file query.cif (mmCIF, C-alpha atoms)
data_input
#
loop_
_atom_site.label_atom_id
_atom_site.label_comp_id
_atom_site.auth_asym_id
_atom_site.auth_seq_id
_atom_site.Cartn_x
_atom_site.Cartn_y
_atom_site.Cartn_z
CA MET A 1 19.11 -19.82 4.17
CA GLY A 2 18.95 -23.61 4.48
CA THR A 3 18.21 -24.25 0.81
CA ALA A 4 20.63 -26.90 -0.47
CA MET A 5 22.99 -25.77 -3.23
CA PRO A 6 21.65 -28.07 -6.00
CA GLN A 7 18.12 -26.85 -5.21
CA MET A 8 19.33 -23.25 -5.25
CA ASP A 9 21.06 -23.76 -8.59
CA GLN A 10 17.83 -25.09 -10.08
CA LEU A 11 15.85 -22.25 -8.50
CA LYS A 12 18.21 -19.72 -10.08
CA LYS A 13 17.80 -21.39 -13.48
CA ASN A 14 14.03 -21.29 -13.11
CA MET A 15 14.11 -17.62 -12.12
CA LYS A 16 16.29 -16.74 -15.10
CA ALA A 17 13.91 -18.60 -17.41
CA ALA A 18 10.92 -16.79 -15.88
CA TRP A 19 12.40 -13.32 -16.38
CA MET A 20 13.51 -14.18 -19.92
CA ALA A 21 10.06 -15.51 -20.83
CA GLY A 22 7.73 -13.23 -22.73
CA ASP A 23 9.24 -9.80 -23.31
CA PHE A 24 9.64 -7.79 -20.11
CA GLY A 25 10.78 -4.85 -22.22
CA GLN A 26 7.13 -4.34 -23.20
CA ILE A 27 6.17 -4.07 -19.52
CA ALA A 28 9.19 -1.93 -18.64
CA LYS A 29 8.17 0.78 -21.10
CA PHE A 30 5.32 1.68 -18.76
CA ASN A 31 7.79 2.24 -15.89
CA GLU A 32 10.35 4.36 -17.78
CA THR A 33 9.01 7.66 -16.43
CA GLU A 34 9.10 6.28 -12.88
CA GLY A 35 12.70 5.18 -13.36
CA THR A 36 13.76 8.63 -14.55
CA ALA A 37 12.03 10.29 -11.59
CA PHE A 38 13.72 7.89 -9.18
CA VAL A 39 17.19 8.63 -10.60
CA GLU A 40 16.54 12.37 -10.30
CA ARG A 41 15.36 12.06 -6.69
CA VAL A 42 18.43 10.15 -5.50
CA HIS A 43 20.75 12.75 -7.09
CA ILE A 44 23.06 10.76 -9.33
CA GLN A 45 26.10 12.95 -9.97
CA ARG A 46 27.85 13.57 -13.29
CA GLY A 47 31.08 11.55 -13.44
CA SER A 48 30.06 9.21 -10.60
CA ASP A 49 30.45 5.43 -10.90
CA VAL A 50 27.02 3.78 -10.78
CA LEU A 51 25.99 0.13 -10.68
CA ASP A 52 22.39 -0.76 -11.61
CA VAL A 53 21.66 -4.19 -10.13
CA ALA A 54 19.00 -6.33 -11.83
CA CYS A 55 18.87 -3.56 -14.41
CA GLY A 56 16.40 -5.16 -16.83
CA THR A 57 16.14 -3.04 -19.97
CA GLY A 58 17.89 -0.09 -18.32
CA ASN A 59 15.12 1.99 -16.78
CA LEU A 60 17.59 3.35 -14.20
CA ALA A 61 20.85 2.91 -16.08
CA ILE A 62 19.72 4.92 -19.12
CA PRO A 63 18.61 8.07 -17.23
CA ALA A 64 21.71 7.83 -14.99
CA ALA A 65 23.90 7.75 -18.10
CA ARG A 66 22.00 10.75 -19.51
CA LEU A 67 23.10 12.65 -16.38
CA GLY A 68 26.74 11.90 -17.23
CA ALA A 69 27.36 9.04 -14.80
CA ASN A 70 29.61 6.08 -15.66
CA VAL A 71 27.06 3.29 -15.55
CA ILE A 72 27.27 -0.50 -15.47
CA GLY A 73 24.07 -2.54 -15.42
CA VAL A 74 23.89 -6.22 -14.46
CA ASP A 75 21.02 -8.68 -14.86
CA ILE A 76 20.46 -12.43 -15.08
CA ALA A 77 18.27 -12.10 -18.20
CA THR A 78 20.46 -11.87 -21.29
CA ASN A 79 17.60 -10.81 -23.58
CA LEU A 80 16.86 -7.80 -21.37
CA LEU A 81 20.54 -6.82 -21.40
CA GLU A 82 20.43 -6.79 -25.20
CA GLN A 83 17.49 -4.41 -25.10
CA ALA A 84 19.35 -2.18 -22.63
CA ARG A 85 22.41 -2.09 -24.91
CA THR A 86 20.22 -1.17 -27.87
CA ARG A 87 18.61 1.67 -25.92
CA ALA A 88 21.99 3.03 -24.79
CA ALA A 89 23.47 2.79 -28.30
CA LYS A 90 20.48 4.58 -29.80
CA GLU A 91 21.13 7.56 -27.51
CA GLU A 92 24.93 7.22 -27.74
CA LEU A 93 25.18 6.91 -23.97
CA LYS A 94 28.12 5.68 -21.91
CA ALA A 95 26.64 2.58 -20.29
CA GLU A 96 27.85 -1.01 -20.11
CA PHE A 97 25.61 -4.03 -19.54
CA ARG A 98 26.77 -7.41 -18.25
CA GLU A 99 25.19 -10.66 -17.16
CA GLY A 100 25.39 -10.84 -13.38
CA ASP A 101 23.79 -12.03 -10.16
CA ALA A 102 22.73 -9.68 -7.34
CA GLU A 103 23.87 -12.31 -4.85
CA ALA A 104 27.43 -12.53 -6.25
CA LEU A 105 28.47 -9.29 -7.94
CA ALA A 106 31.66 -9.63 -9.99
CA PHE A 107 33.20 -6.33 -8.86
CA PRO A 108 35.88 -5.33 -6.34
CA ASP A 109 35.00 -3.92 -2.94
CA ALA A 110 34.08 -0.22 -2.80
CA GLN A 111 34.00 0.35 -6.58
CA PHE A 112 30.81 2.40 -6.98
CA ASP A 113 29.60 5.77 -5.71
CA ALA A 114 26.00 4.65 -6.11
CA VAL A 115 24.45 1.17 -6.25
CA ILE A 116 20.84 1.29 -7.45
CA SER A 117 18.02 -1.15 -8.17
CA MET A 118 14.38 -0.70 -9.15
CA PHE A 119 11.96 -3.63 -8.83
CA GLY A 120 14.89 -5.98 -9.52
CA ALA A 121 17.29 -7.08 -6.76
CA MET A 122 14.27 -7.60 -4.49
CA PHE A 123 13.49 -10.81 -6.42
CA ALA A 124 16.81 -12.54 -5.69
CA PRO A 125 16.07 -15.48 -3.38
CA ARG A 126 18.60 -14.77 -0.57
CA PRO A 127 18.20 -11.22 0.73
CA GLU A 128 21.08 -11.46 3.16
CA LEU A 129 23.49 -12.07 0.28
CA VAL A 130 21.99 -9.20 -1.73
CA VAL A 131 22.43 -6.73 1.14
CA SER A 132 25.99 -7.94 1.69
CA GLU A 133 26.88 -7.55 -2.00
CA LEU A 134 25.21 -4.18 -2.50
CA THR A 135 27.05 -2.88 0.56
CA ARG A 136 30.37 -4.46 -0.36
CA VAL A 137 30.67 -2.85 -3.80
CA CYS A 138 29.54 0.58 -2.56
CA LYS A 139 32.24 3.11 -1.67
CA PRO A 140 32.42 4.63 1.81
CA ASN A 141 30.27 7.79 1.74
CA GLY A 142 28.44 6.37 -1.27
CA PHE A 143 24.85 5.16 -1.23
CA ILE A 144 22.56 2.27 -2.10
CA ALA A 145 19.15 3.24 -3.52
CA MET A 146 16.33 0.78 -4.12
CA ALA A 147 12.72 0.89 -5.24
CA ASN A 148 10.85 -2.13 -3.87
CA TRP A 149 7.17 -3.01 -4.20
CA THR A 150 5.44 -2.86 -0.79
CA PRO A 151 3.53 -5.78 0.77
CA ARG A 152 0.31 -3.73 0.82
CA GLY A 153 0.51 -2.32 -2.72
CA PHE A 154 -1.15 -3.35 -5.95
CA VAL A 155 1.80 -5.32 -7.37
CA SER A 156 1.93 -7.36 -4.16
CA ARG A 157 -1.74 -8.20 -4.65
CA GLN A 158 -1.02 -9.19 -8.24
CA PHE A 159 1.71 -11.64 -7.13
CA LYS A 160 -0.47 -12.98 -4.31
CA THR A 161 -3.30 -13.58 -6.77
CA MET A 162 -0.98 -15.63 -8.97
CA ALA A 163 0.41 -17.45 -5.91
CA LYS A 164 -3.09 -18.67 -4.99
CA HIS A 165 -3.10 -20.62 -8.23
CA VAL A 166 0.62 -21.43 -8.56
CA PRO A 167 2.34 -21.42 -5.13
CA PRO A 168 5.97 -20.22 -5.05
CA PRO A 169 8.79 -22.57 -3.95
CA PRO A 170 8.59 -23.21 -0.18
CA GLY A 171 11.13 -21.97 2.35
CA LEU A 172 12.06 -18.68 0.68
CA ALA A 173 11.54 -15.18 2.05
CA SER A 174 8.89 -13.23 0.19
CA PRO A 175 10.47 -10.65 -2.15
CA LEU A 176 7.77 -8.24 -0.96
CA LEU A 177 9.49 -7.98 2.44
CA TRP A 178 11.94 -5.70 0.64
CA GLY A 179 9.12 -3.15 0.67
CA ASP A 180 8.68 -3.33 4.46
CA GLU A 181 10.63 -0.52 6.12
CA SER A 182 11.14 -2.31 9.45
CA GLU A 183 12.48 -5.38 7.63
CA LEU A 184 14.80 -3.21 5.53
CA ARG A 185 16.23 -1.58 8.65
CA LYS A 186 17.04 -5.03 10.06
CA ARG A 187 18.68 -6.12 6.81
CA PHE A 188 20.90 -3.05 6.54
CA ALA A 189 21.60 -2.76 10.30
CA HIS A 190 25.01 -4.42 10.07
CA GLY A 191 26.14 -2.79 6.84
CA ASN A 192 27.46 0.50 8.23
CA ALA A 193 24.66 2.41 6.53
CA THR A 194 22.11 5.00 7.60
CA LEU A 195 18.78 4.33 5.95
CA GLN A 196 15.99 6.61 4.78
CA ALA A 197 12.76 5.22 3.36
CA LYS A 198 9.53 6.67 2.04
CA PRO A 199 6.54 5.20 0.20
CA ILE A 200 5.98 6.35 -3.38
CA VAL A 201 2.86 5.75 -5.46
CA ALA A 202 3.52 4.87 -9.09
CA ARG A 203 0.82 5.22 -11.70
CA MET A 204 0.46 2.21 -14.01
CA ALA A 205 -1.66 3.42 -16.92
CA PHE A 206 -2.28 1.08 -19.85
CA PRO A 207 -4.13 2.02 -23.06
CA PHE A 208 -6.02 -1.28 -22.86
CA SER A 209 -9.18 -2.56 -21.25
CA VAL A 210 -8.84 -4.65 -18.08
CA PRO A 211 -9.07 -8.00 -19.96
CA GLU A 212 -6.56 -6.71 -22.52
CA THR A 213 -4.19 -5.62 -19.72
CA VAL A 214 -4.31 -9.08 -18.15
CA GLU A 215 -3.63 -10.60 -21.57
CA PHE A 216 -0.76 -8.11 -22.05
CA TYR A 217 0.82 -9.42 -18.83
CA ARG A 218 0.16 -13.02 -19.83
CA LEU A 219 2.00 -12.46 -23.10
CA TYR A 220 4.92 -10.31 -21.93
CA PHE A 221 5.47 -10.55 -18.15
CA GLY A 222 7.56 -13.67 -17.53
CA PRO A 223 6.18 -14.59 -14.06
CA THR A 224 2.58 -14.22 -15.29
CA GLN A 225 3.29 -16.14 -18.48
CA ARG A 226 4.90 -18.95 -16.46
CA ALA A 227 2.02 -19.02 -13.97
CA PHE A 228 -0.48 -19.58 -16.78
CA ALA A 229 1.77 -22.18 -18.40
CA ALA A 230 2.04 -24.10 -15.10
CA LEU A 231 -1.72 -24.61 -14.98
CA PRO A 232 -3.76 -27.06 -17.05
CA GLU A 233 -5.87 -25.29 -19.63
CA GLU A 234 -9.11 -25.86 -17.72
CA LYS A 235 -7.71 -23.97 -14.69
CA GLN A 236 -6.22 -21.01 -16.54
CA GLY A 237 -9.61 -19.32 -16.79
CA ALA A 238 -9.86 -19.04 -12.99
CA LEU A 239 -6.49 -17.28 -12.79
CA ARG A 240 -7.50 -14.93 -15.59
CA ARG A 241 -10.80 -14.09 -13.85
CA ASP A 242 -9.06 -13.40 -10.53
CA LEU A 243 -6.54 -11.09 -12.20
CA GLU A 244 -9.26 -9.27 -14.12
CA ASP A 245 -11.22 -8.85 -10.88
CA LEU A 246 -8.12 -7.42 -9.14
CA TYR A 247 -7.53 -4.89 -11.91
CA SER A 248 -11.21 -3.97 -12.10
CA ARG A 249 -11.41 -3.27 -8.35
CA HIS A 250 -8.38 -0.96 -8.48
CA ASN A 251 -8.94 0.63 -11.87
CA LYS A 252 -9.31 4.41 -11.69
CA ALA A 253 -9.90 4.89 -15.42
CA THR A 254 -13.41 5.58 -16.68
CA ASP A 255 -12.69 5.59 -20.41
CA GLY A 256 -12.29 1.87 -21.03
CA THR A 257 -8.54 1.84 -20.32
CA THR A 258 -6.71 0.60 -17.19
CA ASP A 259 -5.11 2.90 -14.64
CA VAL A 260 -3.99 1.58 -11.25
CA GLU A 261 -1.80 2.97 -8.49
CA ALA A 262 1.06 0.79 -7.25
CA GLU A 263 2.98 1.65 -4.09
CA TYR A 264 6.69 1.06 -3.69
CA LEU A 265 9.22 1.88 -0.99
CA GLU A 266 12.07 4.17 -1.99
CA VAL A 267 15.09 3.31 0.13
CA VAL A 268 18.41 5.18 0.33
CA ALA A 269 21.12 3.66 2.52
CA LYS A 270 24.20 5.88 2.88
CA ARG A 271 27.52 4.20 3.63
CA SER A 272 29.57 5.56 6.50
#

call {"tool": "encode", "arguments": {"input": "query.cif", "output": "structure tokens"}}
result
Amino acid sequence: MGTAMPQMDQLKKNMKAAWMAGDFGQIAKFNETEGTAFVERVHIQRGSDVLDVACGTGNLAIPAARLGANVIGVDIATNLLEQARTRAAKEELKAEFREGDAEALAFPDAQFDAVISMFGAMFAPRPELVVSELTRVCKPNGFIAMANWTPRGFVSRQFKTMAKHVPPPPGLASPLLWGDESELRKRFAHGNATLQAKPIVARMAFPFSVPETVEFYRLYFGPTQRAFAALPEEKQGALRRDLEDLYSRHNKATDGTTDVEAEYLEVVAKRS
């Protein structure tokens, strides 16, 4: 909250660079099924106006458009938006993708029937602004639906492992608090919304060995790529070993591949 504006501007630039690094589209392919299931569970209606915030390559926007919704996706990463446009064009779907910030959405009040976000808006640095914006652009009687990694889940442990080697900027709320139900209820308490939340376990199955999975993330997942790049070469091996140990301890596969379970919180806040 007290972060000075020049510092925040630089932080936003760094975050954009991190999410544009590598090729998150390669990672997102392994979450496509989860995105489709999420859209089906929150009951997106044909003909409804839907905003996908921090949409990435369109893992929510694409299945919502398949259901006949009028979809706009926004994201800070322009390369991911291009991938989303390509996916939509390939299926001849009605979906628009724009560069945009979850903390300052460029839309009028009460424009959308549904405002959705999966593993995206939770990473914006100022949660109070995100809640305010998601609520502002949602119509009365509409809903906000989010999928947020939980503090106790595997993805949280992955980020904490990287943070041991490359600490995040000080003074910012952890994005993983978005996966804490009690914290979510506080954040949405003043937004005229009733909130329902339930934990969901996502399966993350990769056709690679554990070392190959860690290397896959190092190549394609921007935050992991940047964490390795921030370390001198002689210290990168320790980060790699810690990540391989994390995956090995949680790996359920017995055939040489990697299969872990990652918990997230599914949140639906209905506007009054």

call {"tool": "atom_distance", "arguments": {"input": "query.cif", "atom1": "atom CA of A:Leu265", "atom2": "atom CA of A:Trp19"}}
result
21.9 Å

call {"tool": "residues_around", "arguments": {"input": "query.cif", "residues": "stretch 135-137 of chain A", "least_positions_apart": "6", "cutoff": "6 Å", "atoms": "only C-alpha atoms", "output": "list in words"}}
result
Asp109, Ala110 and Gln111 of chain A

call {"tool": "resolve_selection", "arguments": {"input": "query.cif", "expression": "the PyMOL selection byres ((chain A and resi 82) around 12)", "output": "list in words"}}
result
Met20, Asp23, Phe24, Gly25, Cys55, Gly56, Thr57, Gly58, Gly73, Val74, Asp75, Ile76, Ala77, Thr78, Asn79, Leu80, Leu81, Gln83, Ala84, Arg85, Thr86, Arg87, Ala88, Ala89, Glu96, Phe97, Arg98 and Glu99 of chain A

call {"tool": "atom_distance", "arguments": {"input": "query.cif", "atom1": "atom CA of A:Glu244", "atom2": "atom CA of A:Trp178"}}
result
26.1 Å

call {"tool": "residues_near_point", "arguments": {"input": "query.cif", "point": "(13.4, -0.2, -2.3)", "cutoff": "10 Å", "atoms": "all atoms listed in the file", "output": "mmCIF file with C-alpha atoms, in the frame of the given file"}}
result
data_model
loop_
_atom_site.group_PDB
_atom_site.id
_atom_site.type_symbol
_atom_site.label_atom_id
_atom_site.label_comp_id
_atom_site.auth_asym_id
_atom_site.auth_seq_id
_atom_site.Cartn_x
_atom_site.Cartn_y
_atom_site.Cartn_z
ATOM 1 C CA ILE A 116 20.840 1.290 -7.450
ATOM 2 C CA SER A 117 18.020 -1.150 -8.170
ATOM 3 C CA MET A 118 14.380 -0.700 -9.150
ATOM 4 C CA PHE A 119 11.960 -3.630 -8.830
ATOM 5 C CA GLY A 120 14.890 -5.980 -9.520
ATOM 6 C CA ALA A 121 17.290 -7.080 -6.760
ATOM 7 C CA MET A 122 14.270 -7.600 -4.490
ATOM 8 C CA ILE A 144 22.560 2.270 -2.100
ATOM 9 C CA ALA A 145 19.150 3.240 -3.520
ATOM 10 C CA MET A 146 16.330 0.780 -4.120
ATOM 11 C CA ALA A 147 12.720 0.890 -5.240
ATOM 12 C CA ASN A 148 10.850 -2.130 -3.870
ATOM 13 C CA TRP A 149 7.170 -3.010 -4.200
ATOM 14 C CA THR A 150 5.440 -2.860 -0.790
ATOM 15 C CA LEU A 176 7.770 -8.240 -0.960
ATOM 16 C CA LEU A 177 9.490 -7.980 2.440
ATOM 17 C CA TRP A 178 11.940 -5.700 0.640
ATOM 18 C CA GLY A 179 9.120 -3.150 0.670
ATOM 19 C CA ASP A 180 8.680 -3.330 4.460
ATOM 20 C CA GLU A 181 10.630 -0.520 6.120
ATOM 21 C CA LEU A 184 14.800 -3.210 5.530
ATOM 22 C CA ALA A 197 12.760 5.220 3.360
ATOM 23 C CA LYS A 198 9.530 6.670 2.040
ATOM 24 C CA PRO A 199 6.540 5.200 0.200
ATOM 25 C CA ILE A 200 5.980 6.350 -3.380
ATOM 26 C CA TYR A 264 6.690 1.060 -3.690
ATOM 27 C CA LEU A 265 9.220 1.880 -0.990
ATOM 28 C CA GLU A 266 12.070 4.170 -1.990
ATOM 29 C CA VAL A 267 15.090 3.310 0.130
ATOM 30 C CA VAL A 268 18.410 5.180 0.330
ATOM 31 C CA ALA A 269 21.120 3.660 2.520
#

call {"tool": "closest_residue", "arguments": {"input": "query.cif", "among": "A:Phe30, A:Lys13, A:Asn70, A:Phe112", "to": "A:Pro140", "atoms": "only C-alpha atoms"}}
result
A:Phe112

call {"tool": "resolve_selection", "arguments": {"input": "query.cif", "expression": "the PyMOL selection byres ((chain A and resi 33) around 10)", "output": "list of chain:residue names"}}
result
A:Ala28, A:Lys29, A:Phe30, A:Asn31, A:Glu32, A:Glu34, A:Gly35, A:Thr36, A:Ala37, A:Phe38, A:Asn59, A:Leu60, A:Pro63, A:Ala202, A:Arg203
